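Student: Below is the structure I would like to discuss, written out as C-alpha cells.
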Amino acid sequence: MVYPVDTNIIIRFLVGDNIQHLQKAREFFIDIEKGTLQVAILESVVMEALFVLIKFYKLPKEEVIRDIKIILSLNGVVNSEKIILIEALNTMQHNNIDFVDALLCAKKELQNYGLLSFDKDLKKC
C-alpha cells in the first residue's frame, strides 16, 4: 500500500518543533528510506512545504530545497512524477523562480509539454 504524506509530517521532520511528532516523523522517514514504507508526496504537498518552511519558518530557501530533494530521493517515495518534482526544485533553485513556474518548466522540458503564459519568469526555463 502507498500512503500519501501530509505536509505536516515533512514540516515536523525538518523543523523539529514538536518532539513527539519529530520522533514519529523520524520513524516514518527511516522506513521510507529503507523502502519498507512506500509513500507518495504530491506536488501540492511540496508546494505547501516550501511555502511554510521558507515564508513562515524563515528557513533559507537553498536549505529547504536541498532537504525536500533528499526526501523525494528516498527509496520509498514512489511518485510517478518524482523526477519532475526534483527537476522543478532544481529549476526553482537555479533560476530564482517560484515552484509552480519551475514545475511548468520541468514538465515542458521532461514531458515535452507546450507552455501558455504571460509570465516573464517562464522565459527563464
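By convention here, the chains of the C-alpha cells are called A, B, ... in the order presented, each chain's residues are numbered starting at 1, and ligands are numbered starting at 1 in the order presented.
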Which residues are near range 50-56 of chain A? Cut-off 10 Å, only C-alpha atoms, ignore same chain within fewer than 2 positions. Put them as a count of residues only.

Tutor: 23

Student: As a list in words, please: the residues near Asp121 in chain A (cut-off 10 Å, only C-alpha atoms, same-chain neighbours under 5 positions excluded).

Tutor: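 Everything that qualifies: Asn95, Asn96, Ile97, Asp98, Asp101, Ala102 and Cys105 of chain A.
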
Student: Would you put the residues from that selection into a file with C-alpha atoms, as a compact mmCIF listing (two decimals), in the first residue's frame?

Tutor:
# COMPACT_ATOMS: atom_id res chain seq x y z
CA ASN A 95 16.53 30.30 -11.96
CA ASN A 96 15.13 32.03 -8.88
CA ILE A 97 11.50 31.41 -9.82
CA ASP A 98 8.62 30.10 -7.75
CA ASP A 101 6.64 28.19 -12.58
CA ALA A 102 9.52 25.76 -12.05
CA CYS A 105 9.30 24.42 -16.84

Student: I'd like the neighbourhood of range 74-85 of chain A as a PyMOL selection string, where a residue qualifies if any of its atoms comes within 12 Å (using only C-alpha atoms), though same-chain residues fewer than 5 positions away should be ignored.

Tutor: chain A and resi 1-5+28-47+65+67-69+90-92+99-112

Student: Hey, which of A:Gly16, A:His21, A:Ile70, A:Gly114 ends up closest to Tyr57 in chain A? Count only C-alpha atoms.

Tutor: A:Gly16

Student: What is the distance between CA of Ala49 in chain A and CA of Ala88 in chain A, in Å to one decimal?

Tutor: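 Going from CA of Ala49 in chain A over to CA of Ala88 in chain A covers 14.2 Å.
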
Student: Step one, run DSSP on the backbone; step two, keep only residues of chain A assigned to helix (DSSP H, G or I); then write them as a PyMOL selection string.

Tutor: chain A and resi 7-15+19-34+43-56+61-72+82-95+99-111+120-124

Student: Please dump the current selection as a compact mmCIF listing (two decimals), in the first residue's frame; keep C-alpha atoms.

Tutor:
# COMPACT_ATOMS: atom_id res chain seq x y z
CA THR A 7 2.76 18.38 4.67
CA ASN A 8 2.86 18.41 8.47
CA ILE A 9 4.96 15.20 8.51
CA ILE A 10 7.62 16.92 6.40
CA ILE A 11 7.44 20.14 8.44
CA ARG A 12 7.75 18.36 11.79
CA PHE A 13 10.66 16.28 10.46
CA LEU A 14 12.59 19.26 9.11
CA VAL A 15 11.76 21.79 11.83
CA ILE A 19 9.33 16.33 19.98
CA GLN A 20 6.59 13.69 19.78
CA HIS A 21 5.84 14.49 16.15
CA LEU A 22 9.55 14.66 15.33
CA GLN A 23 10.15 11.18 16.75
CA LYS A 24 7.24 9.69 14.80
CA ALA A 25 8.26 11.54 11.62
CA ARG A 26 11.81 10.17 12.01
CA GLU A 27 10.40 6.65 12.27
CA PHE A 28 8.38 7.23 9.09
CA PHE A 29 11.39 8.56 7.20
CA ILE A 30 13.65 5.71 8.35
CA ASP A 31 11.11 3.26 6.93
CA ILE A 32 10.72 5.37 3.78
CA GLU A 33 14.49 5.45 3.33
CA LYS A 34 14.68 1.66 3.69
CA GLU A 43 3.02 18.38 -5.96
CA SER A 44 0.67 20.34 -3.68
CA VAL A 45 2.43 18.98 -0.59
CA VAL A 46 5.83 20.02 -1.95
CA MET A 47 4.47 23.48 -2.73
CA GLU A 48 2.91 23.86 0.73
CA ALA A 49 6.06 22.60 2.47
CA LEU A 50 8.20 25.09 0.53
CA PHE A 51 5.86 27.94 1.41
CA VAL A 52 5.60 27.09 5.13
CA LEU A 53 9.32 26.42 5.61
CA ILE A 54 10.53 29.48 3.69
CA LYS A 55 7.84 32.05 4.49
CA PHE A 56 6.61 31.04 7.95
CA LYS A 61 15.47 28.63 0.52
CA GLU A 62 18.59 26.71 -0.58
CA GLU A 63 18.46 24.54 2.56
CA VAL A 64 14.74 23.83 2.19
CA ILE A 65 15.08 22.89 -1.49
CA ARG A 66 18.03 20.62 -0.68
CA ASP A 67 16.14 18.87 2.12
CA ILE A 68 13.00 18.32 0.07
CA LYS A 69 15.06 16.92 -2.82
CA ILE A 70 16.69 14.49 -0.38
CA ILE A 71 13.27 13.41 0.90
CA LEU A 72 11.94 12.92 -2.64
CA LYS A 82 9.25 12.11 -8.73
CA ILE A 83 11.90 13.14 -11.28
CA ILE A 84 9.75 16.04 -12.45
CA LEU A 85 9.43 17.32 -8.87
CA ILE A 86 13.17 17.11 -8.35
CA GLU A 87 13.80 18.87 -11.67
CA ALA A 88 11.30 21.57 -10.68
CA LEU A 89 13.20 22.11 -7.43
CA ASN A 90 16.47 22.33 -9.40
CA THR A 91 14.89 24.85 -11.78
CA MET A 92 13.49 26.86 -8.87
CA GLN A 93 16.90 26.92 -7.25
CA HIS A 94 18.93 27.86 -10.32
CA ASN A 95 16.53 30.30 -11.96
CA PHE A 99 7.73 26.42 -7.53
CA VAL A 100 4.68 26.45 -9.80
CA ASP A 101 6.64 28.19 -12.58
CA ALA A 102 9.52 25.76 -12.05
CA LEU A 103 7.10 22.83 -12.23
CA LEU A 104 5.73 24.11 -15.54
CA CYS A 105 9.30 24.42 -16.84
CA ALA A 106 10.13 20.87 -15.71
CA LYS A 107 7.04 19.46 -17.40
CA LYS A 108 7.90 21.39 -20.56
CA GLU A 109 11.44 20.02 -20.59
CA LEU A 110 10.88 16.45 -19.40
CA GLN A 111 7.44 15.70 -20.83
CA LYS A 120 8.10 36.59 -17.89
CA ASP A 121 9.69 34.22 -15.32
CA LEU A 122 8.74 31.29 -17.54
CA LYS A 123 11.09 32.57 -20.21
CA LYS A 124 13.89 31.53 -17.82

Student: Apply DSSP to the backbone of this structure and, from chain A, keep only the residues in strand (DSSP E or B); write these as a ChimeraX atom specification.

Tutor: /A:2-4,38-40,77
